[in-house]
Amino acid sequence: MHMRSLFFLSVLSICTLFAEGMLTLRDSMQLPQASIWGGISFNGESISITTTAIVNGKPQLFLRTLNPQTLLQILPPVQLTFESDPQSQRWITDHKHLFLTGQHFIVFSVRGDSDIYIFKTDVNGKRIGSITPIAEHTTNRTNDMMFATDGENIFVAYFKPTDQSIVHTINQQLQPVSAPIITSSQLPHNNLGGLFYRNNSFFMFTGDKAGPNSQLIVTIWNHDWSPAIQQRKILAIPPVGEGYFFASGIAFDSLSKRWIIAFHHVQNSNPDSSTHVDFGIFDESFSLIEQSHGFRGYRPHLLLRNSELYVVYDAGGVFLRRYTLQPAVRKTIAWKQYLTLAPNEGTAFVVDTSMIVNYGGVPVITFANDSSLILSSSGNTQLQFYLIKNNGQTLISLPTTPRGPDGGCIYLPDGQSRFVTEEPASNNTPQKHRSRVISWISSDGKIWTKESGIRYQPGLEDDSIASVVCPIQVKDSVWRMYYVGDFYRTNGVRTAITYDWGWTWKAESRKNIMKNGDVDPHPVYVSDGRIRLYVRTGFSETNPAKRGIGYNDSNDGITFDTTKTTMILPDNTLPLTMNLDPSVIRFTDGTVACFFGAAPAMNQNQNTIPQLRVAYARKPTDVETYLSGIPESFDLSQNYPNPFNPATVINYALPVFSATKLAIYDMLGREVAVLVNQEKPAGRYEATWDASRFSSGVYFYKLSAGSYVSAKKLVLLR
């Protein structure tokens, strides 16, 4: 029989939209050749389910890989344990698994409830190393263990009668990190449950005992396993004579701040005839929102991906259900208007010397769904948050909240925000093979919760890292992430792509899309359909006038002509600084601002204080501005920037009242633009020439004022 037909042989209902309050059932099916309960995880592309199946009269562990959209089996089941493994010859009785940093970690116990083991495989199920004992020949009960990760280490908890757990902390090399911990008797609990790590705490969901009259409870523990609460929380009380336990299915909806708990409900003293799975949906503080009577079965395990809830459970075989979780309704964020510039906007900037935040830098602008604009800044102190007012002229300090310092937001369709950010190595610096992308989630754009798992790990083949990440939407769920990639060799910008709102990413460009030394990418839209990328350019240049902040435009957002990068804020804009991390925004009145970090130059006194600065874009028209002060002599300054695209600024000085003309000429001496042609009082002036409608080339500008005549060359590069 064909594999697809075999997999759907026991389909109970396909795409049946059966409403169950906040959960709507879509699919329900039995996994073939799976004899006992399984575990479920997401491996970055597909769903992974571990089950047992009988081989030569004994259960062995298998890995199944499913398409998350169709639920079709992608590959045949892969056997994980074998008759030749001494540990599996004693009859596997329980197992759990999780997926971490590209590997599956599987823990299992054997008949007798005195031995528990762990091993790992690659993403395809190929075993890495040997099966390692966690506990052998113990008098404690190793069956029905609990299994979780904090993203770095692995935690295995099993029962120490009558109401405590023994917790083993294991690193990803399967070595003990510390001596086992016994949980405090201040928070008594049963072992029939599940473990979940969130916000630096462990949440243990169990019954207060097994069988009838058991209540569903949660105990909360600090990262060191000291009690985080004074007494356990009762989540649900069953009718008299019934019981709630085996709370092994746990998911947390970061978008709506809801817990989804699937647990074993026994309705009388004979569990085999009446046992089924219930769902409890709780708010973040564990107030019950909804409880639904589920389906016959027990030992459920959950996987939540966006609004899709997958449930694996045992009911005389292994079954899989898929539900749609009703999303929380929230106001969407009108963020794109702030990141869309006209073609001739944001092409020349002047620093506002009055706006300085000491010990600031690495600016990141996010948009909250109450329409407020939030600026975060990190220098050599902790992350700071500010409310942006008056087009950036006023910054109001906000309470700090945990979140990565350097990154950008993906704005989800239900009004939530996912912040993707770098997770550096343990010494807090980018490091080969270790700097990667993680994410935080927020329901209001102000308070953030770290999401579990790794969003993106750059390739190992060229020592790539992922630093200064910044995403921009391509279409709907498709977003592109720009990041500093091959930092240790070529020091340039690369891209990754996501098709599911930033949950999983794939490498897109495997080489630099900008020239070597262009870093700190921050994209915006151009109203003509192009993507503009602001970068720190010329990183290896020694001349500060040739390095700093520049920009480049692209038709597709990934192909850039690197010969046309235009400098807008060279490092010599300010005394002895390096201008970094340009974050550009267009306010609703048309004002364009660039927040950037001003850091000490590499060869200057490192006691110089890093700063957060702001520069404002010049209006993209041929305008003239009077500057204060009466000069002593006539003067015509060199335009800046030069070369330029498409606008440049020309400064000149008049010591006396003069008939003044400032005009632009092409290489043939033809007058192509007149910026000034009138009598003017003494003073200092600057004129802006917007050359959007002109072609690339060399031009001249000439100032005639009284008897004074001077001309200089300027270069337009497109």
# chains A, B, ... in the order shown; residues from 1 in each chain; ligands from 1

$ select_by_dssp --residues "stretch 430-649 of chain A" --states "helix (DSSP H, G or I)" --output "ChimeraX atom specification"
/A:544-546,562-564,571-573

$ write_last_selection --atoms "C-alpha atoms" --output "PDB file, in the first residue's frame"
ATOM      1  CA  PRO A 544      36.603  59.154   8.602  1.00  0.00           C
ATOM      2  CA  ALA A 545      35.203  61.143   5.684  1.00  0.00           C
ATOM      3  CA  LYS A 546      34.933  57.896   3.683  1.00  0.00           C
ATOM      4  CA  THR A 562      27.352  48.439  -4.357  1.00  0.00           C
ATOM      5  CA  THR A 563      29.098  51.108  -6.442  1.00  0.00           C
ATOM      6  CA  LYS A 564      26.136  53.388  -5.793  1.00  0.00           C
ATOM      7  CA  ASP A 571      32.206  59.598  10.713  1.00  0.00           C
ATOM      8  CA  ASN A 572      33.648  63.107  10.713  1.00  0.00           C
ATOM      9  CA  THR A 573      30.109  64.516  11.044  1.00  0.00           C
TER      10      THR A 573
END

$ residues_around --residues "stretch 278-292 of chain A" --least-positions-apart "4" --cutoff "7 Å" --atoms "only C-alpha atoms" --output "ChimeraX atom specification"
/A:235,257-265

$ select_by_dssp --residues "stretch 465-525 of chain A" --states "strand (DSSP E)" --output "NGL selection string"
:A and (467-475 or 478-484 or 493-498 or 506-507 or 519-525)

$ closest_atom_pairs --of "stretch 123-156 of chain A" --to "stretch 100-112 of chain A" --cutoff "8 Å" --atoms "only C-alpha atoms" --output "Markdown table"
| residue | atom | partner | partner_atom | distance |
| --- | --- | --- | --- | --- |
| A:Val123 | CA | A:Gln103 | CA | 5.4 |
| A:Gly125 | CA | A:His104 | CA | 7.5 |
| A:Thr142 | CA | A:Ser109 | CA | 6.3 |
| A:Asn143 | CA | A:Ser109 | CA | 5.7 |
| A:Phe147 | CA | A:Val107 | CA | 7.8 |
| A:Gly151 | CA | A:Leu100 | CA | 7.1 |

$ closest_residue --among "A:Arg90, A:Leu174, A:Asn153, A:Thr50" --to "A:Ile128" --atoms "only C-alpha atoms"
A:Leu174

$ closest_residue --among "A:Gly38, A:Gly294, A:Pro59, A:Gly207" --to "A:His97" --atoms "only C-alpha atoms"
A:Gly38

$ residues_around --residues "stretch 686-697 of chain A" --least-positions-apart "6" --cutoff "10 Å" --atoms "only C-alpha atoms" --output "PyMOL selection string"
chain A and resi 343-344+347-348+618-627+636-637+639-640+643-653+662-664+666-667+672-676+714-718

$ write_last_selection --atoms "C-alpha atoms" --output "PDB file, in the first residue's frame"
ATOM      1  CA  PRO A 343      12.422  58.298  -3.614  1.00  0.00           C
ATOM      2  CA  ASN A 344      14.042  61.635  -2.809  1.00  0.00           C
ATOM      3  CA  THR A 347      18.977  61.154   1.103  1.00  0.00           C
ATOM      4  CA  ALA A 348      20.724  63.917   3.077  1.00  0.00           C
ATOM      5  CA  ARG A 618      16.747  67.763   4.476  1.00  0.00           C
ATOM      6  CA  LYS A 619      13.577  68.427   2.532  1.00  0.00           C
ATOM      7  CA  PRO A 620      13.906  66.976  -0.981  1.00  0.00           C
ATOM      8  CA  THR A 621      13.434  70.255  -2.873  1.00  0.00           C
ATOM      9  CA  ASP A 622      15.661  72.979  -4.278  1.00  0.00           C
ATOM     10  CA  VAL A 623      15.492  75.214  -1.219  1.00  0.00           C
ATOM     11  CA  GLU A 624      17.708  77.773   0.429  1.00  0.00           C
ATOM     12  CA  THR A 625      18.193  78.269   4.163  1.00  0.00           C
ATOM     13  CA  TYR A 626      19.675  81.278   5.980  1.00  0.00           C
ATOM     14  CA  LEU A 627      22.333  80.394   8.548  1.00  0.00           C
ATOM     15  CA  LEU A 636      31.646  78.947  -1.836  1.00  0.00           C
ATOM     16  CA  SER A 637      32.021  75.582  -0.064  1.00  0.00           C
ATOM     17  CA  ASN A 639      28.909  70.473  -1.780  1.00  0.00           C
ATOM     18  CA  TYR A 640      28.072  67.517   0.473  1.00  0.00           C
ATOM     19  CA  PRO A 643      29.207  62.149  -4.957  1.00  0.00           C
ATOM     20  CA  PHE A 644      25.474  62.252  -4.178  1.00  0.00           C
ATOM     21  CA  ASN A 645      22.123  60.724  -5.121  1.00  0.00           C
ATOM     22  CA  PRO A 646      19.769  62.462  -5.599  1.00  0.00           C
ATOM     23  CA  ALA A 647      20.164  65.566  -3.390  1.00  0.00           C
ATOM     24  CA  THR A 648      23.171  67.569  -2.253  1.00  0.00           C
ATOM     25  CA  VAL A 649      23.769  70.716  -0.157  1.00  0.00           C
ATOM     26  CA  ILE A 650      25.817  73.789  -1.172  1.00  0.00           C
ATOM     27  CA  ASN A 651      26.916  76.366   1.406  1.00  0.00           C
ATOM     28  CA  TYR A 652      28.000  79.927   0.531  1.00  0.00           C
ATOM     29  CA  ALA A 653      28.753  83.164   2.374  1.00  0.00           C
ATOM     30  CA  LEU A 662      23.796  80.151  -7.817  1.00  0.00           C
ATOM     31  CA  ALA A 663      23.329  77.886 -10.811  1.00  0.00           C
ATOM     32  CA  ILE A 664      24.128  74.318 -11.989  1.00  0.00           C
ATOM     33  CA  ASP A 666      26.472  70.359 -17.250  1.00  0.00           C
ATOM     34  CA  MET A 667      29.778  69.308 -18.826  1.00  0.00           C
ATOM     35  CA  VAL A 672      20.482  73.136 -16.171  1.00  0.00           C
ATOM     36  CA  ALA A 673      19.187  74.526 -12.848  1.00  0.00           C
ATOM     37  CA  VAL A 674      19.092  77.842 -10.998  1.00  0.00           C
ATOM     38  CA  LEU A 675      19.001  77.550  -7.214  1.00  0.00           C
ATOM     39  CA  VAL A 676      19.292  81.269  -6.336  1.00  0.00           C
ATOM     40  CA  LEU A 714      29.891  67.935  -8.175  1.00  0.00           C
ATOM     41  CA  VAL A 715      29.165  64.322  -9.151  1.00  0.00           C
ATOM     42  CA  LEU A 716      25.733  62.693  -9.384  1.00  0.00           C
ATOM     43  CA  LEU A 717      25.909  58.885  -9.108  1.00  0.00           C
ATOM     44  CA  ARG A 718      22.879  56.652  -9.557  1.00  0.00           C
TER      45      ARG A 718
END

$ closest_residue --among "A:Pro133, A:Pro458, A:Pro570, A:Pro76" --to "A:Ile170" --atoms "only C-alpha atoms"
A:Pro133

$ residues_around --residues "stretch 444-456 of chain A" --least-positions-apart "5" --cutoff "6 Å" --atoms "only C-alpha atoms" --output "list in words"
Ala368, Asn369, Arg436, Val437, Ile438, Ser439, Trp503, Thr504 and Trp505 of chain A

$ closest_residue --among "A:Asp208, A:Glu671, A:Asp635, A:Asp589" --to "A:Tyr708" --atoms "only C-alpha atoms"
A:Asp635

$ residues_around --residues "A:Val474" --least-positions-apart "4" --cutoff "12 Å" --atoms "only C-alpha atoms" --output "PyMOL selection string"
chain A and resi 336+410+478-481+496-502+523-525+529-531+556-558
